[in-house]
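Engineer: Before I ask anything, here is the structure I am working with.
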Amino acid sequence: MTEARHDTWAEAIFRPYLLGITRRSFHAVRLLGDAPDPSRELPLIIVANHSSWWDGFFIYLVNTHVLHRKLYMMMLEEQLRRYRFFRRLGAFGIEQGYPRSVRASLSYSAEVLEEASNCLCLFPQGTMHGFHDRPLGFKRGLANILSMHGGEACILPVAIACEFLGERRPEAFLLADRHFRLDAASFPGVEWLEGEQEDQMDRLQSMIAAGDKGRILAGRSGSGDSR
């Protein structure tokens with residue numbers, strides 16, 4: 001299992017690169033709804049749907065502009081070997097289909113939660129699926145991570161959608177307006193979490209259809225502005 005690092009020089013290189021590539025590829029990246037404000041007394045776990053290659057970048061933007069945590073992101077080992085630079089930004093590997101490797105990754109995730117300032121990002125679907133695919137098919141790793149952690153954490157579902165809405169480039173929309181304070185004993189289970197995620201995704205679609213513009217995290221209109 002490839003463990004994460006956080007190198008200051010890597011962050012200094014990556015942030016302007018990400019803003020540049022996002023502006024070239026998207027009309028805007030928007031955070032809709034109320035900005036998340038989870039307790040800083042507890043570590044944070046982001047769970048997000050995974051329907052595009054960009055999803056990890058979108059989470060990075062939310063963390064940079066809103067959450068301001070030390071971000072760790074679980075990533076398929078084969079992809080991390082291909083994009084090894086991401087390790088220096090907090091990505092670590094999981095090798096699906098190999099139980100020993102999976103256990104090591106889950107144990108490492110639990111270690112990340114020992115620091116309240118840390119943020120752990122998971123894509124519980126495991127691989128990319130279409131935004132409208134149902135059921136989401138969440139894996140059960142989060143329950144194991146909470147059990148290994150042994151304490152409370154804030155769980156923040158994030159819904160992500162990309163749409164073409166009258167511009168040459170697509171727009172990315174994120175919704176992360178509610179979070180849950182849970183431990184292994186109070187966690188209602190992966191079926192509950194999957195239902196919460198589906199509801200969040202449905203609400204995001206409704207907000208997009210209603211013309212909600214939210215807060216711009218990146219794009220040609222600027223960074224961190226509101227409309």
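The way I read the labels, and the way they are meant: chains A, B, ... in the order of the structure tokens, residue 1 as the first residue of every chain, and ligand 1 as the first ligand shown, with later ones counted on from there.
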Run DSSP on the backbone and tell me which residues of segment 1-190 of chain A come out as strand (DSSP E); list them as a PyMOL selection string.
Structural biologist: chain A and resi 28-32+44-48+70-76+91-94+118-122+153-163+171-175+180-182
Engineer: Please, could you write that set of residues out with C-alpha atoms as a PDB file, in the first residue's frame?
Structural biologist:
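Full text of again.pdb as output:
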```
ATOM      1  CA  ALA A  28     -17.073  27.110 -13.551  1.00  0.00           C
ATOM      2  CA  VAL A  29     -16.899  24.827 -10.535  1.00  0.00           C
ATOM      3  CA  ARG A  30     -19.703  25.782  -8.167  1.00  0.00           C
ATOM      4  CA  LEU A  31     -20.563  24.924  -4.580  1.00  0.00           C
ATOM      5  CA  LEU A  32     -24.328  25.127  -4.092  1.00  0.00           C
ATOM      6  CA  LEU A  44     -13.741  14.780   8.984  1.00  0.00           C
ATOM      7  CA  ILE A  45     -14.689  12.032   6.534  1.00  0.00           C
ATOM      8  CA  ILE A  46     -15.879  13.110   3.084  1.00  0.00           C
ATOM      9  CA  VAL A  47     -17.880  10.545   1.124  1.00  0.00           C
ATOM     10  CA  ALA A  48     -18.670  11.413  -2.481  1.00  0.00           C
ATOM     11  CA  LYS A  70      -5.120  18.366   5.969  1.00  0.00           C
ATOM     12  CA  LEU A  71      -6.590  16.242   3.187  1.00  0.00           C
ATOM     13  CA  TYR A  72      -6.027  12.515   2.690  1.00  0.00           C
ATOM     14  CA  MET A  73      -7.650  10.848  -0.300  1.00  0.00           C
ATOM     15  CA  MET A  74      -8.047   7.107  -0.903  1.00  0.00           C
ATOM     16  CA  MET A  75      -7.181   6.240  -4.508  1.00  0.00           C
ATOM     17  CA  LEU A  76      -6.926   3.006  -6.460  1.00  0.00           C
ATOM     18  CA  ALA A  91      -3.346  10.478  -1.798  1.00  0.00           C
ATOM     19  CA  PHE A  92      -2.832   6.910  -0.611  1.00  0.00           C
ATOM     20  CA  GLY A  93      -3.580   3.596  -2.267  1.00  0.00           C
ATOM     21  CA  ILE A  94      -6.053   0.759  -1.985  1.00  0.00           C
ATOM     22  CA  ASN A 118      -7.359  15.773   9.222  1.00  0.00           C
ATOM     23  CA  CYS A 119      -9.879  15.125   6.473  1.00  0.00           C
ATOM     24  CA  LEU A 120     -10.256  11.689   4.883  1.00  0.00           C
ATOM     25  CA  CYS A 121     -11.927  11.520   1.456  1.00  0.00           C
ATOM     26  CA  LEU A 122     -13.505   8.263   0.273  1.00  0.00           C
ATOM     27  CA  ALA A 153     -15.939  11.592  13.342  1.00  0.00           C
ATOM     28  CA  CYS A 154     -17.937  14.018  11.209  1.00  0.00           C
ATOM     29  CA  ILE A 155     -19.203  12.421   8.015  1.00  0.00           C
ATOM     30  CA  LEU A 156     -19.817  14.857   5.164  1.00  0.00           C
ATOM     31  CA  PRO A 157     -21.593  13.537   2.039  1.00  0.00           C
ATOM     32  CA  VAL A 158     -20.662  15.481  -1.095  1.00  0.00           C
ATOM     33  CA  ALA A 159     -22.713  15.225  -4.287  1.00  0.00           C
ATOM     34  CA  ILE A 160     -20.905  16.024  -7.550  1.00  0.00           C
ATOM     35  CA  ALA A 161     -22.459  16.578 -10.988  1.00  0.00           C
ATOM     36  CA  CYS A 162     -21.115  17.913 -14.299  1.00  0.00           C
ATOM     37  CA  GLU A 163     -23.524  19.525 -16.772  1.00  0.00           C
ATOM     38  CA  GLU A 171     -19.968  23.304 -15.318  1.00  0.00           C
ATOM     39  CA  ALA A 172     -19.304  21.259 -12.197  1.00  0.00           C
ATOM     40  CA  PHE A 173     -21.724  21.497  -9.273  1.00  0.00           C
ATOM     41  CA  LEU A 174     -21.165  20.297  -5.714  1.00  0.00           C
ATOM     42  CA  LEU A 175     -23.508  20.091  -2.743  1.00  0.00           C
ATOM     43  CA  PHE A 180     -23.349  13.763  10.669  1.00  0.00           C
ATOM     44  CA  ARG A 181     -21.466  13.202  13.911  1.00  0.00           C
ATOM     45  CA  LEU A 182     -21.080   9.420  14.287  1.00  0.00           C
TER      46      LEU A 182
END
```
Engineer: Report as number ranges by chain all protein, DNA and RNA residues lying within 10 Å of Ser52 of chain A, evaluated on only C-alpha atoms, omitting residues in the same chain fewer than 3 positions from it.
Structural biologist: A: 49, 55-56, 127-131, 160-162
Engineer: What is the distance between atom CA of Pro135 of chain A and atom CA of Glu198 of chain A, in Å to one decimal?
Structural biologist: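 Rounded to one decimal, the two atoms are 8.4 Å apart.
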Engineer: In Å to one decimal, how far is atom CA of Pro43 of chain A from atom CA of His149 of chain A?
Structural biologist: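 Separation of atom CA of His149 of chain A and atom CA of Pro43 of chain A: 10.5 Å.
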Engineer: Find, counting only C-alpha atoms, the residue in A:Ser105, A:Asn63, A:Ser117, A:Thr8 that gets nearest to Ala35 of chain A.
Structural biologist: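 For Ala35 of chain A, the nearest of the candidates is A:Asn63.
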Engineer: May I have all residues of segment 73-217 of chain A that DSSP, computed from the backbone, assigns to helix (DSSP H, G or I), given as number ranges by chain?
Structural biologist: A: 77-82, 84-88, 99-112, 141-149, 190-209
Engineer: Could you name the residues that touch Phe86 of chain A at 10 Å or less, counting only C-alpha atoms, but leaving out those on the same chain fewer than 2 positions away, as a PDB file with N, CA and C atoms, in the first residue's frame?
Structural biologist:
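Output contents, as saved in out-v1.pdb:
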```
ATOM      1  N   ALA A   4       0.464   8.176   2.009  1.00  0.00           N
ATOM      2  CA  ALA A   4       0.430   9.576   1.581  1.00  0.00           C
ATOM      3  C   ALA A   4       1.599  10.360   2.160  1.00  0.00           C
ATOM      4  N   ARG A   5       1.917  11.440   1.464  1.00  0.00           N
ATOM      5  CA  ARG A   5       2.828  12.452   1.963  1.00  0.00           C
ATOM      6  C   ARG A   5       2.173  13.812   1.732  1.00  0.00           C
ATOM      7  N   HIS A   6       2.659  14.807   2.456  1.00  0.00           N
ATOM      8  CA  HIS A   6       2.210  16.172   2.211  1.00  0.00           C
ATOM      9  C   HIS A   6       3.460  17.045   2.083  1.00  0.00           C
ATOM     10  N   ALA A  10       5.052  20.556  -3.351  1.00  0.00           N
ATOM     11  CA  ALA A  10       4.077  19.959  -4.257  1.00  0.00           C
ATOM     12  C   ALA A  10       2.776  20.763  -4.263  1.00  0.00           C
ATOM     13  N   GLU A  11       2.347  21.196  -3.077  1.00  0.00           N
ATOM     14  CA  GLU A  11       1.154  22.045  -2.997  1.00  0.00           C
ATOM     15  C   GLU A  11       1.364  23.346  -3.772  1.00  0.00           C
ATOM     16  N   PHE A  14       0.991  22.513  -7.397  1.00  0.00           N
ATOM     17  CA  PHE A  14      -0.280  21.949  -7.831  1.00  0.00           C
ATOM     18  C   PHE A  14      -1.415  22.962  -7.832  1.00  0.00           C
ATOM     19  N   MET A  73      -6.676  11.357   0.656  1.00  0.00           N
ATOM     20  CA  MET A  73      -7.650  10.848  -0.300  1.00  0.00           C
ATOM     21  C   MET A  73      -7.301   9.419  -0.699  1.00  0.00           C
ATOM     22  N   MET A  75      -7.241   6.316  -3.051  1.00  0.00           N
ATOM     23  CA  MET A  75      -7.181   6.240  -4.508  1.00  0.00           C
ATOM     24  C   MET A  75      -6.783   4.829  -4.903  1.00  0.00           C
ATOM     25  N   GLN A  79      -3.990   3.469 -10.098  1.00  0.00           N
ATOM     26  CA  GLN A  79      -4.010   4.845 -10.552  1.00  0.00           C
ATOM     27  C   GLN A  79      -2.946   5.686  -9.851  1.00  0.00           C
ATOM     28  N   LEU A  80      -2.725   5.404  -8.566  1.00  0.00           N
ATOM     29  CA  LEU A  80      -1.716   6.148  -7.821  1.00  0.00           C
ATOM     30  C   LEU A  80      -0.316   5.840  -8.342  1.00  0.00           C
ATOM     31  N   ARG A  81      -0.092   4.605  -8.757  1.00  0.00           N
ATOM     32  CA  ARG A  81       1.203   4.276  -9.363  1.00  0.00           C
ATOM     33  C   ARG A  81       1.399   5.026 -10.674  1.00  0.00           C
ATOM     34  N   ARG A  82       0.312   5.265 -11.371  1.00  0.00           N
ATOM     35  CA  ARG A  82       0.391   5.995 -12.639  1.00  0.00           C
ATOM     36  C   ARG A  82       0.585   7.489 -12.406  1.00  0.00           C
ATOM     37  N   TYR A  83      -0.076   8.028 -11.380  1.00  0.00           N
ATOM     38  CA  TYR A  83       0.019   9.450 -11.057  1.00  0.00           C
ATOM     39  C   TYR A  83       0.639   9.602  -9.669  1.00  0.00           C
ATOM     40  N   ARG A  84       1.920   9.277  -9.556  1.00  0.00           N
ATOM     41  CA  ARG A  84       2.573   9.215  -8.247  1.00  0.00           C
ATOM     42  C   ARG A  84       2.684  10.575  -7.570  1.00  0.00           C
ATOM     43  N   ARG A  88       2.106  13.018  -3.002  1.00  0.00           N
ATOM     44  CA  ARG A  88       2.695  14.156  -2.303  1.00  0.00           C
ATOM     45  C   ARG A  88       1.649  15.202  -1.922  1.00  0.00           C
ATOM     46  N   LEU A  89       0.411  14.982  -2.365  1.00  0.00           N
ATOM     47  CA  LEU A  89      -0.697  15.872  -2.010  1.00  0.00           C
ATOM     48  C   LEU A  89      -1.668  15.213  -1.038  1.00  0.00           C
ATOM     49  N   GLY A  90      -1.320  14.001  -0.557  1.00  0.00           N
ATOM     50  CA  GLY A  90      -2.171  13.343   0.430  1.00  0.00           C
ATOM     51  C   GLY A  90      -2.907  12.118  -0.057  1.00  0.00           C
ATOM     52  N   ALA A  91      -2.676  11.682  -1.294  1.00  0.00           N
ATOM     53  CA  ALA A  91      -3.346  10.478  -1.798  1.00  0.00           C
ATOM     54  C   ALA A  91      -2.618   9.228  -1.302  1.00  0.00           C
ATOM     55  N   PHE A  92      -3.396   8.204  -0.986  1.00  0.00           N
ATOM     56  CA  PHE A  92      -2.832   6.910  -0.611  1.00  0.00           C
ATOM     57  C   PHE A  92      -3.627   5.816  -1.307  1.00  0.00           C
TER      58      PHE A  92
END
```
Engineer: Quote the spacing between atom CA of Leu113 of chain A and atom CA of Phe85 of chain A in Å to one decimal place.
Structural biologist: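 Computed distance, atom CA of Leu113 of chain A to atom CA of Phe85 of chain A, equals 22.8 Å.
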Engineer: Pick out the closest residue to Arg24 of chain A from this set: A:Glu41, A:Asp183, A:Met201, A:Pro170. Count only C-alpha atoms.
Structural biologist: A:Pro170
Engineer: Closest to Glu115 of chain A among A:Leu136, A:Ile145, A:Val102, A:Leu42, using only C-alpha atoms?
Structural biologist: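 Smallest distance to Glu115 of chain A is found for A:Leu42.
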Engineer: With only C-alpha atoms as the counted atoms, please give the residues lying no more than 10 Å from Ala185 of chain A, apart from itself and same-chain residues fewer than 6 positions off, as a PyMOL selection string.
Structural biologist: chain A and resi 143+146-147+150-152
Engineer: Write a file of the selected residues as a PDB file, in the first residue's frame, keeping N, CA and C atoms.
Structural biologist:
```
ATOM      1  N   ALA A 143     -17.605   1.498   7.618  1.00  0.00           N
ATOM      2  CA  ALA A 143     -17.940   0.893   8.915  1.00  0.00           C
ATOM      3  C   ALA A 143     -16.695   0.308   9.568  1.00  0.00           C
ATOM      4  N   LEU A 146     -14.464   3.215  10.911  1.00  0.00           N
ATOM      5  CA  LEU A 146     -14.982   3.755  12.173  1.00  0.00           C
ATOM      6  C   LEU A 146     -14.713   2.808  13.336  1.00  0.00           C
ATOM      7  N   SER A 147     -14.851   1.515  13.091  1.00  0.00           N
ATOM      8  CA  SER A 147     -14.581   0.536  14.143  1.00  0.00           C
ATOM      9  C   SER A 147     -13.113   0.563  14.550  1.00  0.00           C
ATOM     10  N   GLY A 150     -12.412   3.906  16.509  1.00  0.00           N
ATOM     11  CA  GLY A 150     -12.870   3.796  17.885  1.00  0.00           C
ATOM     12  C   GLY A 150     -13.482   5.041  18.473  1.00  0.00           C
ATOM     13  N   GLY A 151     -13.460   6.149  17.767  1.00  0.00           N
ATOM     14  CA  GLY A 151     -14.031   7.385  18.280  1.00  0.00           C
ATOM     15  C   GLY A 151     -15.009   7.988  17.302  1.00  0.00           C
ATOM     16  N   GLU A 152     -15.410   9.220  17.566  1.00  0.00           N
ATOM     17  CA  GLU A 152     -16.354   9.913  16.704  1.00  0.00           C
ATOM     18  C   GLU A 152     -15.643  10.578  15.534  1.00  0.00           C
TER      19      GLU A 152
END
```
